[in-house]
>>> print(open('upload.cif').read())   # mmCIF, N, CA and C atoms; chains and numbers go by the auth columns
data_my_file
#
loop_
_atom_site.group_PDB
_atom_site.id
_atom_site.type_symbol
_atom_site.label_atom_id
_atom_site.label_comp_id
_atom_site.label_asym_id
_atom_site.label_seq_id
_atom_site.Cartn_x
_atom_site.Cartn_y
_atom_site.Cartn_z
_atom_site.B_iso_or_equiv
_atom_site.auth_seq_id
_atom_site.auth_asym_id
ATOM 1 N N MET A 1 -90.108 -56.082 86.275 0.00 18 T
ATOM 2 C CA MET A 1 -91.492 -56.183 86.645 0.00 18 T
ATOM 3 C C MET A 1 -92.165 -57.081 85.598 0.00 18 T
ATOM 4 N N THR A 2 -92.712 -58.209 86.038 0.00 19 T
ATOM 5 C CA THR A 2 -93.351 -59.167 85.141 0.00 19 T
ATOM 6 C C THR A 2 -94.781 -59.427 85.588 0.00 19 T
ATOM 7 N N PHE A 3 -95.676 -59.452 84.630 0.00 20 T
ATOM 8 C CA PHE A 3 -97.081 -59.759 84.878 0.00 20 T
ATOM 9 C C PHE A 3 -97.481 -60.924 83.983 0.00 20 T
ATOM 10 N N TYR A 4 -98.427 -61.723 84.469 0.00 21 T
ATOM 11 C CA TYR A 4 -98.867 -62.903 83.735 0.00 21 T
ATOM 12 C C TYR A 4 -100.337 -62.778 83.366 0.00 21 T
ATOM 13 N N VAL A 5 -100.674 -63.344 82.200 0.00 22 T
ATOM 14 C CA VAL A 5 -102.055 -63.437 81.737 0.00 22 T
ATOM 15 C C VAL A 5 -102.299 -64.915 81.446 0.00 22 T
ATOM 16 N N ALA A 6 -103.417 -65.438 81.928 0.00 23 T
ATOM 17 C CA ALA A 6 -103.744 -66.845 81.713 0.00 23 T
ATOM 18 C C ALA A 6 -105.251 -67.015 81.585 0.00 23 T
ATOM 19 N N THR A 7 -105.657 -68.077 80.921 0.00 24 T
ATOM 20 C CA THR A 7 -107.083 -68.318 80.727 0.00 24 T
ATOM 21 C C THR A 7 -107.802 -68.596 82.046 0.00 24 T
ATOM 22 N N ASN A 8 -107.066 -69.024 83.070 0.00 25 T
ATOM 23 C CA ASN A 8 -107.670 -69.240 84.392 0.00 25 T
ATOM 24 C C ASN A 8 -107.429 -68.054 85.315 0.00 25 T
ATOM 25 N N GLY A 9 -107.113 -66.900 84.733 0.00 26 T
ATOM 26 C CA GLY A 9 -106.840 -65.696 85.514 0.00 26 T
ATOM 27 C C GLY A 9 -108.090 -64.883 85.802 0.00 26 T
ATOM 28 N N ASN A 10 -107.861 -63.739 86.437 0.00 27 T
ATOM 29 C CA ASN A 10 -108.935 -62.848 86.836 0.00 27 T
ATOM 30 C C ASN A 10 -108.376 -61.424 86.770 0.00 27 T
ATOM 31 N N ASP A 11 -109.051 -60.536 86.078 0.00 28 T
ATOM 32 C CA ASP A 11 -108.547 -59.172 85.949 0.00 28 T
ATOM 33 C C ASP A 11 -108.613 -58.369 87.244 0.00 28 T
ATOM 34 N N ASN A 12 -109.145 -58.941 88.298 0.00 29 T
ATOM 35 C CA ASN A 12 -109.124 -58.292 89.613 0.00 29 T
ATOM 36 C C ASN A 12 -107.916 -58.727 90.441 0.00 29 T
ATOM 37 N N TRP A 13 -107.133 -59.661 89.929 0.00 30 T
ATOM 38 C CA TRP A 13 -105.933 -60.115 90.631 0.00 30 T
ATOM 39 C C TRP A 13 -104.731 -59.258 90.250 0.00 30 T
ATOM 40 N N SER A 14 -103.607 -59.475 90.917 0.00 31 T
ATOM 41 C CA SER A 14 -102.419 -58.644 90.690 0.00 31 T
ATOM 42 C C SER A 14 -101.705 -58.951 89.381 0.00 31 T
ATOM 43 N N GLY A 15 -101.783 -60.194 88.907 0.00 32 T
ATOM 44 C CA GLY A 15 -101.051 -60.587 87.720 0.00 32 T
ATOM 45 C C GLY A 15 -99.604 -60.931 87.986 0.00 32 T
ATOM 46 N N LYS A 16 -99.176 -60.883 89.229 0.00 33 T
ATOM 47 C CA LYS A 16 -97.776 -61.142 89.567 0.00 33 T
ATOM 48 C C LYS A 16 -97.470 -62.630 89.745 0.00 33 T
ATOM 49 N N LEU A 17 -98.506 -63.469 89.769 0.00 34 T
ATOM 50 C CA LEU A 17 -98.323 -64.913 89.898 0.00 34 T
ATOM 51 C C LEU A 17 -98.704 -65.579 88.578 0.00 34 T
ATOM 52 N N ALA A 18 -97.941 -66.580 88.164 0.00 35 T
ATOM 53 C CA ALA A 18 -98.220 -67.290 86.914 0.00 35 T
ATOM 54 C C ALA A 18 -99.436 -68.199 87.041 0.00 35 T
ATOM 55 N N GLU A 19 -99.702 -68.690 88.237 0.00 36 T
ATOM 56 C CA GLU A 19 -100.844 -69.575 88.515 0.00 36 T
ATOM 57 C C GLU A 19 -101.649 -68.996 89.676 0.00 36 T
ATOM 58 N N PRO A 20 -102.952 -69.272 89.744 0.00 37 T
ATOM 59 C CA PRO A 20 -103.729 -68.824 90.907 0.00 37 T
ATOM 60 C C PRO A 20 -103.181 -69.443 92.188 0.00 37 T
ATOM 61 N N ASN A 21 -103.209 -68.685 93.279 0.00 38 T
ATOM 62 C CA ASN A 21 -102.772 -69.246 94.558 0.00 38 T
ATOM 63 C C ASN A 21 -103.831 -70.236 95.066 0.00 38 T
ATOM 64 N N ALA A 22 -103.512 -70.981 96.108 0.00 39 T
ATOM 65 C CA ALA A 22 -104.404 -72.030 96.611 0.00 39 T
ATOM 66 C C ALA A 22 -105.767 -71.486 97.030 0.00 39 T
ATOM 67 N N ALA A 23 -105.792 -70.300 97.591 0.00 40 T
ATOM 68 C CA ALA A 23 -107.050 -69.698 98.047 0.00 40 T
ATOM 69 C C ALA A 23 -107.819 -69.030 96.902 0.00 40 T
ATOM 70 N N ARG A 24 -107.193 -68.967 95.722 0.00 41 T
ATOM 71 C CA ARG A 24 -107.775 -68.298 94.557 0.00 41 T
ATOM 72 C C ARG A 24 -108.143 -66.834 94.863 0.00 41 T
ATOM 73 N N THR A 25 -107.224 -66.188 95.586 0.00 42 T
ATOM 74 C CA THR A 25 -107.390 -64.775 95.894 0.00 42 T
ATOM 75 C C THR A 25 -106.428 -63.901 95.090 0.00 42 T
ATOM 76 N N ASP A 26 -105.473 -64.544 94.406 0.00 43 T
ATOM 77 C CA ASP A 26 -104.502 -63.819 93.592 0.00 43 T
ATOM 78 C C ASP A 26 -103.946 -64.777 92.549 0.00 43 T
ATOM 79 N N GLY A 27 -103.463 -64.211 91.483 0.00 44 T
ATOM 80 C CA GLY A 27 -102.901 -65.017 90.412 0.00 44 T
ATOM 81 C C GLY A 27 -102.758 -64.182 89.161 0.00 44 T
ATOM 82 N N PRO A 28 -102.763 -64.845 88.004 0.00 45 T
ATOM 83 C CA PRO A 28 -102.587 -64.122 86.750 0.00 45 T
ATOM 84 C C PRO A 28 -103.821 -63.304 86.385 0.00 45 T
ATOM 85 N N LEU A 29 -103.620 -62.371 85.506 0.00 46 T
ATOM 86 C CA LEU A 29 -104.728 -61.607 84.951 0.00 46 T
ATOM 87 C C LEU A 29 -105.401 -62.444 83.871 0.00 46 T
ATOM 88 N N ALA A 30 -106.585 -62.048 83.442 0.00 47 T
ATOM 89 C CA ALA A 30 -107.347 -62.835 82.472 0.00 47 T
ATOM 90 C C ALA A 30 -107.243 -62.303 81.045 0.00 47 T
ATOM 91 N N SER A 31 -106.762 -61.066 80.872 0.00 48 T
ATOM 92 C CA SER A 31 -106.802 -60.481 79.537 0.00 48 T
ATOM 93 C C SER A 31 -105.652 -59.508 79.294 0.00 48 T
ATOM 94 N N LEU A 32 -105.380 -59.283 78.024 0.00 49 T
ATOM 95 C CA LEU A 32 -104.395 -58.268 77.647 0.00 49 T
ATOM 96 C C LEU A 32 -104.821 -56.898 78.144 0.00 49 T
ATOM 97 N N THR A 33 -106.097 -56.602 78.017 0.00 50 T
ATOM 98 C CA THR A 33 -106.614 -55.313 78.477 0.00 50 T
ATOM 99 C C THR A 33 -106.424 -55.164 79.977 0.00 50 T
ATOM 100 N N GLY A 34 -106.672 -56.236 80.729 0.00 51 T
ATOM 101 C CA GLY A 34 -106.464 -56.200 82.173 0.00 51 T
ATOM 102 C C GLY A 34 -105.012 -55.919 82.521 0.00 51 T
ATOM 103 N N ALA A 35 -104.083 -56.561 81.802 0.00 52 T
ATOM 104 C CA ALA A 35 -102.658 -56.342 82.049 0.00 52 T
ATOM 105 C C ALA A 35 -102.263 -54.909 81.704 0.00 52 T
ATOM 106 N N ARG A 36 -102.706 -54.450 80.555 0.00 53 T
ATOM 107 C CA ARG A 36 -102.391 -53.069 80.151 0.00 53 T
ATOM 108 C C ARG A 36 -102.895 -52.068 81.182 0.00 53 T
ATOM 109 N N ASP A 37 -104.123 -52.264 81.663 0.00 54 T
ATOM 110 C CA ASP A 37 -104.709 -51.325 82.616 0.00 54 T
ATOM 111 C C ASP A 37 -104.012 -51.366 83.970 0.00 54 T
ATOM 112 N N VAL A 38 -103.612 -52.549 84.425 0.00 55 T
ATOM 113 C CA VAL A 38 -102.853 -52.661 85.681 0.00 55 T
ATOM 114 C C VAL A 38 -101.539 -51.902 85.553 0.00 55 T
ATOM 115 N N LEU A 39 -100.862 -52.089 84.443 0.00 56 T
ATOM 116 C CA LEU A 39 -99.591 -51.391 84.246 0.00 56 T
ATOM 117 C C LEU A 39 -99.779 -49.881 84.172 0.00 56 T
ATOM 118 N N ARG A 40 -100.840 -49.444 83.581 0.00 57 T
ATOM 119 C CA ARG A 40 -101.092 -48.000 83.509 0.00 57 T
ATOM 120 C C ARG A 40 -101.347 -47.404 84.884 0.00 57 T
ATOM 121 N N ARG A 41 -101.916 -48.192 85.779 0.00 58 T
ATOM 122 C CA ARG A 41 -102.196 -47.690 87.135 0.00 58 T
ATOM 123 C C ARG A 41 -100.963 -47.722 88.041 0.00 58 T
ATOM 124 N N GLN A 42 -99.925 -48.457 87.646 0.00 59 T
ATOM 125 C CA GLN A 42 -98.711 -48.543 88.447 0.00 59 T
ATOM 126 C C GLN A 42 -98.022 -47.181 88.485 0.00 59 T
ATOM 127 N N ASN A 43 -97.432 -46.873 89.594 0.00 60 T
ATOM 128 C CA ASN A 43 -96.634 -45.645 89.696 0.00 60 T
ATOM 129 C C ASN A 43 -95.175 -45.995 89.435 0.00 60 T
ATOM 130 N N ARG A 44 -94.901 -46.486 88.228 0.00 61 T
ATOM 131 C CA ARG A 44 -93.541 -46.873 87.891 0.00 61 T
ATOM 132 C C ARG A 44 -92.873 -45.754 87.099 0.00 61 T
ATOM 133 N N PRO A 45 -91.596 -45.575 87.285 0.00 62 T
ATOM 134 C CA PRO A 45 -90.880 -44.551 86.518 0.00 62 T
ATOM 135 C C PRO A 45 -91.010 -44.829 85.020 0.00 62 T
ATOM 136 N N THR A 46 -91.007 -43.797 84.204 0.00 63 T
ATOM 137 C CA THR A 46 -91.180 -43.971 82.763 0.00 63 T
ATOM 138 C C THR A 46 -90.037 -44.746 82.126 0.00 63 T
ATOM 139 N N ASN A 47 -88.882 -44.819 82.785 0.00 64 T
ATOM 140 C CA ASN A 47 -87.754 -45.561 82.221 0.00 64 T
ATOM 141 C C ASN A 47 -87.721 -47.017 82.683 0.00 64 T
ATOM 142 N N LEU A 48 -88.674 -47.437 83.497 0.00 65 T
ATOM 143 C CA LEU A 48 -88.725 -48.817 83.980 0.00 65 T
ATOM 144 C C LEU A 48 -89.583 -49.650 83.039 0.00 65 T
ATOM 145 N N SER A 49 -88.984 -50.677 82.470 0.00 66 T
ATOM 146 C CA SER A 49 -89.734 -51.520 81.548 0.00 66 T
ATOM 147 C C SER A 49 -90.471 -52.621 82.303 0.00 66 T
ATOM 148 N N ALA A 50 -91.429 -53.223 81.631 0.00 67 T
ATOM 149 C CA ALA A 50 -92.216 -54.301 82.213 0.00 67 T
ATOM 150 C C ALA A 50 -92.474 -55.334 81.125 0.00 67 T
ATOM 151 N N ALA A 51 -92.795 -56.550 81.557 0.00 68 T
ATOM 152 C CA ALA A 51 -93.114 -57.626 80.620 0.00 68 T
ATOM 153 C C ALA A 51 -94.457 -58.228 80.995 0.00 68 T
ATOM 154 N N VAL A 52 -95.243 -58.546 79.978 0.00 69 T
ATOM 155 C CA VAL A 52 -96.493 -59.261 80.158 0.00 69 T
ATOM 156 C C VAL A 52 -96.332 -60.591 79.434 0.00 69 T
ATOM 157 N N ILE A 53 -96.456 -61.677 80.184 0.00 70 T
ATOM 158 C CA ILE A 53 -96.286 -63.022 79.644 0.00 70 T
ATOM 159 C C ILE A 53 -97.659 -63.669 79.502 0.00 70 T
ATOM 160 N N LEU A 54 -97.995 -64.062 78.279 0.00 71 T
ATOM 161 C CA LEU A 54 -99.267 -64.742 78.031 0.00 71 T
ATOM 162 C C LEU A 54 -99.048 -66.246 78.098 0.00 71 T
ATOM 163 N N ARG A 55 -99.783 -66.900 78.976 0.00 72 T
ATOM 164 C CA ARG A 55 -99.715 -68.350 79.086 0.00 72 T
ATOM 165 C C ARG A 55 -100.574 -68.957 77.983 0.00 72 T
ATOM 166 N N GLY A 56 -100.432 -70.232 77.739 0.00 73 T
ATOM 167 C CA GLY A 56 -101.131 -70.910 76.654 0.00 73 T
ATOM 168 C C GLY A 56 -102.639 -70.791 76.741 0.00 73 T
ATOM 169 N N GLY A 57 -103.291 -70.813 75.597 0.00 74 T
ATOM 170 C CA GLY A 57 -104.744 -70.766 75.565 0.00 74 T
ATOM 171 C C GLY A 57 -105.257 -69.853 74.482 0.00 74 T
ATOM 172 N N THR A 58 -106.556 -69.749 74.408 0.00 75 T
ATOM 173 C CA THR A 58 -107.215 -68.885 73.431 0.00 75 T
ATOM 174 C C THR A 58 -107.785 -67.679 74.156 0.00 75 T
ATOM 175 N N TYR A 59 -107.437 -66.511 73.677 0.00 76 T
ATOM 176 C CA TYR A 59 -107.898 -65.263 74.269 0.00 76 T
ATOM 177 C C TYR A 59 -108.764 -64.540 73.243 0.00 76 T
ATOM 178 N N ARG A 60 -109.974 -64.260 73.611 0.00 77 T
ATOM 179 C CA ARG A 60 -110.908 -63.583 72.712 0.00 77 T
ATOM 180 C C ARG A 60 -110.970 -62.095 73.083 0.00 77 T
ATOM 181 N N LEU A 61 -110.964 -61.263 72.069 0.00 78 T
ATOM 182 C CA LEU A 61 -111.041 -59.821 72.274 0.00 78 T
ATOM 183 C C LEU A 61 -112.419 -59.326 71.864 0.00 78 T
ATOM 184 N N ASP A 62 -113.071 -58.593 72.751 0.00 79 T
ATOM 185 C CA ASP A 62 -114.373 -58.001 72.437 0.00 79 T
ATOM 186 C C ASP A 62 -114.227 -56.732 71.613 0.00 79 T
ATOM 187 N N LYS A 63 -113.063 -56.098 71.729 0.00 80 T
ATOM 188 C CA LYS A 63 -112.778 -54.892 70.952 0.00 80 T
ATOM 189 C C LYS A 63 -111.280 -54.829 70.700 0.00 80 T
ATOM 190 N N THR A 64 -110.879 -53.922 69.848 0.00 81 T
ATOM 191 C CA THR A 64 -109.477 -53.781 69.476 0.00 81 T
ATOM 192 C C THR A 64 -108.619 -53.465 70.698 0.00 81 T
ATOM 193 N N PHE A 65 -107.489 -54.143 70.804 0.00 82 T
ATOM 194 C CA PHE A 65 -106.532 -53.909 71.880 0.00 82 T
ATOM 195 C C PHE A 65 -105.655 -52.737 71.452 0.00 82 T
ATOM 196 N N VAL A 66 -105.750 -51.626 72.170 0.00 83 T
ATOM 197 C CA VAL A 66 -105.065 -50.389 71.785 0.00 83 T
ATOM 198 C C VAL A 66 -103.953 -50.076 72.783 0.00 83 T
ATOM 199 N N LEU A 67 -102.772 -49.827 72.236 0.00 84 T
ATOM 200 C CA LEU A 67 -101.644 -49.370 73.048 0.00 84 T
ATOM 201 C C LEU A 67 -101.361 -47.918 72.686 0.00 84 T
ATOM 202 N N GLU A 68 -100.931 -47.152 73.680 0.00 85 T
ATOM 203 C CA GLU A 68 -100.650 -45.734 73.502 0.00 85 T
ATOM 204 C C GLU A 68 -99.209 -45.459 73.916 0.00 85 T
ATOM 205 N N PRO A 69 -98.710 -44.256 73.701 0.00 86 T
ATOM 206 C CA PRO A 69 -97.320 -43.954 74.043 0.00 86 T
ATOM 207 C C PRO A 69 -96.942 -44.334 75.478 0.00 86 T
ATOM 208 N N GLN A 70 -97.857 -44.216 76.413 0.00 87 T
ATOM 209 C CA GLN A 70 -97.556 -44.565 77.806 0.00 87 T
ATOM 210 C C GLN A 70 -97.273 -46.059 77.975 0.00 87 T
ATOM 211 N N ASP A 71 -97.612 -46.866 76.989 0.00 88 T
ATOM 212 C CA ASP A 71 -97.407 -48.310 77.049 0.00 88 T
ATOM 213 C C ASP A 71 -96.110 -48.740 76.361 0.00 88 T
ATOM 214 N N SER A 72 -95.288 -47.795 75.946 0.00 89 T
ATOM 215 C CA SER A 72 -94.137 -48.103 75.103 0.00 89 T
ATOM 216 C C SER A 72 -93.035 -48.896 75.800 0.00 89 T
ATOM 217 N N ARG A 73 -92.961 -48.892 77.094 0.00 90 T
ATOM 218 C CA ARG A 73 -91.917 -49.631 77.798 0.00 90 T
ATOM 219 C C ARG A 73 -92.387 -51.008 78.260 0.00 90 T
ATOM 220 N N VAL A 74 -93.450 -51.516 77.654 0.00 91 T
ATOM 221 C CA VAL A 74 -94.007 -52.819 78.020 0.00 91 T
ATOM 222 C C VAL A 74 -93.838 -53.781 76.852 0.00 91 T
ATOM 223 N N THR A 75 -93.313 -54.974 77.153 0.00 92 T
ATOM 224 C CA THR A 75 -93.161 -56.026 76.153 0.00 92 T
ATOM 225 C C THR A 75 -94.207 -57.084 76.414 0.00 92 T
ATOM 226 N N TYR A 76 -94.927 -57.467 75.384 0.00 93 T
ATOM 227 C CA TYR A 76 -95.925 -58.542 75.473 0.00 93 T
ATOM 228 C C TYR A 76 -95.362 -59.745 74.732 0.00 93 T
ATOM 229 N N GLY A 77 -95.438 -60.929 75.357 0.00 94 T
ATOM 230 C CA GLY A 77 -94.907 -62.113 74.702 0.00 94 T
ATOM 231 C C GLY A 77 -95.534 -63.380 75.223 0.00 94 T
ATOM 232 N N ALA A 78 -95.316 -64.457 74.485 0.00 95 T
ATOM 233 C CA ALA A 78 -95.844 -65.768 74.851 0.00 95 T
ATOM 234 C C ALA A 78 -94.926 -66.450 75.859 0.00 95 T
ATOM 235 N N ALA A 79 -95.509 -67.223 76.741 0.00 96 T
ATOM 236 C CA ALA A 79 -94.740 -68.035 77.683 0.00 96 T
ATOM 237 C C ALA A 79 -94.048 -69.156 76.914 0.00 96 T
ATOM 238 N N ASN A 80 -93.003 -69.690 77.469 0.00 97 T
ATOM 239 C CA ASN A 80 -92.332 -70.834 76.848 0.00 97 T
ATOM 240 C C ASN A 80 -93.284 -72.004 76.739 0.00 97 T
ATOM 241 N N ASN A 81 -93.158 -72.744 75.676 0.00 98 T
ATOM 242 C CA ASN A 81 -93.980 -73.933 75.418 0.00 98 T
ATOM 243 C C ASN A 81 -95.418 -73.569 75.212 0.00 98 T
#
>>> encode(input="upload.cif", output="structure tokens")
Amino acid sequence: MTFYVATNGNDNWSGKLAEPNAARTDGPLASLTGARDVLRRQNRPTNLSAAVILRGGTYRLDKTFVLEPQDSRVTYGAANN
């Protein structure tokens, strides 16, 4: 299970696409918090891991990004290049 975060994303989208679709109705998420919250809402088994890929750009945080034990099977990383 892979989710994408990009500066041209939207936290109301699924995060399952690396780029916005042509209609701009789905695409990457806009923030780490958005990705974390989407994953928390998923009904995934606790042994199923997930990855959040951050695409290039500058991401500003309004508050501290907090992970809790329920987030332990999620890997956050930068996209290639």
>>> resolve_selection(input="upload.cif", expression="the PyMOL selection byres (((chain T and resi 97 and name CA) around 12) and name CA)", output="count of residues only")
8
>>> closest_residue(input="upload.cif", among="T:Thr81, T:Thr19, T:Asn29, T:Asn64", to="Gly44 in chain T", atoms="only C-alpha atoms")
T:Asn29
>>> residues_near_point(input="upload.cif", point="(-106.4, -53.4, 82.0)", cutoff="12 Å", atoms="only C-alpha atoms", output="PDB file with N, CA and C atoms, in the frame of the given file")
ATOM      1  N   PHE T  20     -95.676 -59.452  84.630  1.00  0.00           N
ATOM      2  CA  PHE T  20     -97.081 -59.759  84.878  1.00  0.00           C
ATOM      3  C   PHE T  20     -97.481 -60.924  83.983  1.00  0.00           C
ATOM      4  N   VAL T  22    -100.674 -63.344  82.200  1.00  0.00           N
ATOM      5  CA  VAL T  22    -102.055 -63.437  81.737  1.00  0.00           C
ATOM      6  C   VAL T  22    -102.299 -64.915  81.446  1.00  0.00           C
ATOM      7  N   ASN T  27    -107.861 -63.739  86.437  1.00  0.00           N
ATOM      8  CA  ASN T  27    -108.935 -62.848  86.836  1.00  0.00           C
ATOM      9  C   ASN T  27    -108.376 -61.424  86.770  1.00  0.00           C
ATOM     10  N   ASP T  28    -109.051 -60.536  86.078  1.00  0.00           N
ATOM     11  CA  ASP T  28    -108.547 -59.172  85.949  1.00  0.00           C
ATOM     12  C   ASP T  28    -108.613 -58.369  87.244  1.00  0.00           C
ATOM     13  N   ASN T  29    -109.145 -58.941  88.298  1.00  0.00           N
ATOM     14  CA  ASN T  29    -109.124 -58.292  89.613  1.00  0.00           C
ATOM     15  C   ASN T  29    -107.916 -58.727  90.441  1.00  0.00           C
ATOM     16  N   TRP T  30    -107.133 -59.661  89.929  1.00  0.00           N
ATOM     17  CA  TRP T  30    -105.933 -60.115  90.631  1.00  0.00           C
ATOM     18  C   TRP T  30    -104.731 -59.258  90.250  1.00  0.00           C
ATOM     19  N   SER T  31    -103.607 -59.475  90.917  1.00  0.00           N
ATOM     20  CA  SER T  31    -102.419 -58.644  90.690  1.00  0.00           C
ATOM     21  C   SER T  31    -101.705 -58.951  89.381  1.00  0.00           C
ATOM     22  N   GLY T  32    -101.783 -60.194  88.907  1.00  0.00           N
ATOM     23  CA  GLY T  32    -101.051 -60.587  87.720  1.00  0.00           C
ATOM     24  C   GLY T  32     -99.604 -60.931  87.986  1.00  0.00           C
ATOM     25  N   LEU T  46    -103.620 -62.371  85.506  1.00  0.00           N
ATOM     26  CA  LEU T  46    -104.728 -61.607  84.951  1.00  0.00           C
ATOM     27  C   LEU T  46    -105.401 -62.444  83.871  1.00  0.00           C
ATOM     28  N   ALA T  47    -106.585 -62.048  83.442  1.00  0.00           N
ATOM     29  CA  ALA T  47    -107.347 -62.835  82.472  1.00  0.00           C
ATOM     30  C   ALA T  47    -107.243 -62.303  81.045  1.00  0.00           C
ATOM     31  N   SER T  48    -106.762 -61.066  80.872  1.00  0.00           N
ATOM     32  CA  SER T  48    -106.802 -60.481  79.537  1.00  0.00           C
ATOM     33  C   SER T  48    -105.652 -59.508  79.294  1.00  0.00           C
ATOM     34  N   LEU T  49    -105.380 -59.283  78.024  1.00  0.00           N
ATOM     35  CA  LEU T  49    -104.395 -58.268  77.647  1.00  0.00           C
ATOM     36  C   LEU T  49    -104.821 -56.898  78.144  1.00  0.00           C
ATOM     37  N   THR T  50    -106.097 -56.602  78.017  1.00  0.00           N
ATOM     38  CA  THR T  50    -106.614 -55.313  78.477  1.00  0.00           C
ATOM     39  C   THR T  50    -106.424 -55.164  79.977  1.00  0.00           C
ATOM     40  N   GLY T  51    -106.672 -56.236  80.729  1.00  0.00           N
ATOM     41  CA  GLY T  51    -106.464 -56.200  82.173  1.00  0.00           C
ATOM     42  C   GLY T  51    -105.012 -55.919  82.521  1.00  0.00           C
ATOM     43  N   ALA T  52    -104.083 -56.561  81.802  1.00  0.00           N
ATOM     44  CA  ALA T  52    -102.658 -56.342  82.049  1.00  0.00           C
ATOM     45  C   ALA T  52    -102.263 -54.909  81.704  1.00  0.00           C
ATOM     46  N   ARG T  53    -102.706 -54.450  80.555  1.00  0.00           N
ATOM     47  CA  ARG T  53    -102.391 -53.069  80.151  1.00  0.00           C
ATOM     48  C   ARG T  53    -102.895 -52.068  81.182  1.00  0.00           C
ATOM     49  N   ASP T  54    -104.123 -52.264  81.663  1.00  0.00           N
ATOM     50  CA  ASP T  54    -104.709 -51.325  82.616  1.00  0.00           C
ATOM     51  C   ASP T  54    -104.012 -51.366  83.970  1.00  0.00           C
ATOM     52  N   VAL T  55    -103.612 -52.549  84.425  1.00  0.00           N
ATOM     53  CA  VAL T  55    -102.853 -52.661  85.681  1.00  0.00           C
ATOM     54  C   VAL T  55    -101.539 -51.902  85.553  1.00  0.00           C
ATOM     55  N   LEU T  56    -100.862 -52.089  84.443  1.00  0.00           N
ATOM     56  CA  LEU T  56     -99.591 -51.391  84.246  1.00  0.00           C
ATOM     57  C   LEU T  56     -99.779 -49.881  84.172  1.00  0.00           C
ATOM     58  N   ARG T  57    -100.840 -49.444  83.581  1.00  0.00           N
ATOM     59  CA  ARG T  57    -101.092 -48.000  83.509  1.00  0.00           C
ATOM     60  C   ARG T  57    -101.347 -47.404  84.884  1.00  0.00           C
ATOM     61  N   ARG T  58    -101.916 -48.192  85.779  1.00  0.00           N
ATOM     62  CA  ARG T  58    -102.196 -47.690  87.135  1.00  0.00           C
ATOM     63  C   ARG T  58    -100.963 -47.722  88.041  1.00  0.00           C
ATOM     64  N   GLN T  59     -99.925 -48.457  87.646  1.00  0.00           N
ATOM     65  CA  GLN T  59     -98.711 -48.543  88.447  1.00  0.00           C
ATOM     66  C   GLN T  59     -98.022 -47.181  88.485  1.00  0.00           C
ATOM     67  N   VAL T  69     -95.243 -58.546  79.978  1.00  0.00           N
ATOM     68  CA  VAL T  69     -96.493 -59.261  80.158  1.00  0.00           C
ATOM     69  C   VAL T  69     -96.332 -60.591  79.434  1.00  0.00           C
ATOM     70  N   PHE T  82    -107.489 -54.143  70.804  1.00  0.00           N
ATOM     71  CA  PHE T  82    -106.532 -53.909  71.880  1.00  0.00           C
ATOM     72  C   PHE T  82    -105.655 -52.737  71.452  1.00  0.00           C
ATOM     73  N   VAL T  83    -105.750 -51.626  72.170  1.00  0.00           N
ATOM     74  CA  VAL T  83    -105.065 -50.389  71.785  1.00  0.00           C
ATOM     75  C   VAL T  83    -103.953 -50.076  72.783  1.00  0.00           C
ATOM     76  N   LEU T  84    -102.772 -49.827  72.236  1.00  0.00           N
ATOM     77  CA  LEU T  84    -101.644 -49.370  73.048  1.00  0.00           C
ATOM     78  C   LEU T  84    -101.361 -47.918  72.686  1.00  0.00           C
ATOM     79  N   ASP T  88     -97.612 -46.866  76.989  1.00  0.00           N
ATOM     80  CA  ASP T  88     -97.407 -48.310  77.049  1.00  0.00           C
ATOM     81  C   ASP T  88     -96.110 -48.740  76.361  1.00  0.00           C
TER      82      ASP T  88
END
>>> atom_distance(input="upload.cif", atom1="CA of Met18 in chain T", atom2="atom C of Lys33 in chain T")
9.3 Å
>>> atom_distance(input="upload.cif", atom1="CA of Gly26 in chain T", atom2="CA of Pro62 in chain T")
26.5 Å
>>> resolve_selection(input="upload.cif", expression="the PyMOL selection byres (((chain T and resi 76 and name CA) around 8) and name CA)", output="VMD selection string")
chain T and resid 24 48 74 to 75 77 to 78
>>> select_by_dssp(input="upload.cif", residues="chain T", states="alpha helix (DSSP H)", output="ChimeraX atom specification")
/T:49-58
>>> build_atoms(input="upload.cif", residues="range 52-58 of chain T", atoms="N, CA, C and O atoms", output="PDB file, keeping the file's coordinate frame")
ATOM      1  N   ALA T  52    -104.083 -56.561  81.802  1.00  0.00           N
ATOM      2  CA  ALA T  52    -102.658 -56.342  82.049  1.00  0.00           C
ATOM      3  C   ALA T  52    -102.263 -54.909  81.704  1.00  0.00           C
ATOM      4  O   ALA T  52    -101.567 -54.243  82.481  1.00  0.00           O
ATOM      5  N   ARG T  53    -102.706 -54.450  80.555  1.00  0.00           N
ATOM      6  CA  ARG T  53    -102.391 -53.069  80.151  1.00  0.00           C
ATOM      7  C   ARG T  53    -102.895 -52.068  81.182  1.00  0.00           C
ATOM      8  O   ARG T  53    -102.188 -51.147  81.594  1.00  0.00           O
ATOM      9  N   ASP T  54    -104.123 -52.264  81.663  1.00  0.00           N
ATOM     10  CA  ASP T  54    -104.709 -51.325  82.616  1.00  0.00           C
ATOM     11  C   ASP T  54    -104.012 -51.366  83.970  1.00  0.00           C
ATOM     12  O   ASP T  54    -103.821 -50.329  84.604  1.00  0.00           O
ATOM     13  N   VAL T  55    -103.612 -52.549  84.425  1.00  0.00           N
ATOM     14  CA  VAL T  55    -102.853 -52.661  85.681  1.00  0.00           C
ATOM     15  C   VAL T  55    -101.539 -51.902  85.553  1.00  0.00           C
ATOM     16  O   VAL T  55    -101.153 -51.145  86.442  1.00  0.00           O
ATOM     17  N   LEU T  56    -100.862 -52.089  84.443  1.00  0.00           N
ATOM     18  CA  LEU T  56     -99.591 -51.391  84.246  1.00  0.00           C
ATOM     19  C   LEU T  56     -99.779 -49.881  84.172  1.00  0.00           C
ATOM     20  O   LEU T  56     -98.956 -49.126  84.678  1.00  0.00           O
ATOM     21  N   ARG T  57    -100.840 -49.444  83.581  1.00  0.00           N
ATOM     22  CA  ARG T  57    -101.092 -48.000  83.509  1.00  0.00           C
ATOM     23  C   ARG T  57    -101.347 -47.404  84.884  1.00  0.00           C
ATOM     24  O   ARG T  57    -101.031 -46.243  85.131  1.00  0.00           O
ATOM     25  N   ARG T  58    -101.916 -48.192  85.779  1.00  0.00           N
ATOM     26  CA  ARG T  58    -102.196 -47.690  87.135  1.00  0.00           C
ATOM     27  C   ARG T  58    -100.963 -47.722  88.041  1.00  0.00           C
ATOM     28  O   ARG T  58    -100.962 -47.106  89.104  1.00  0.00           O
TER      29      ARG T  58
END
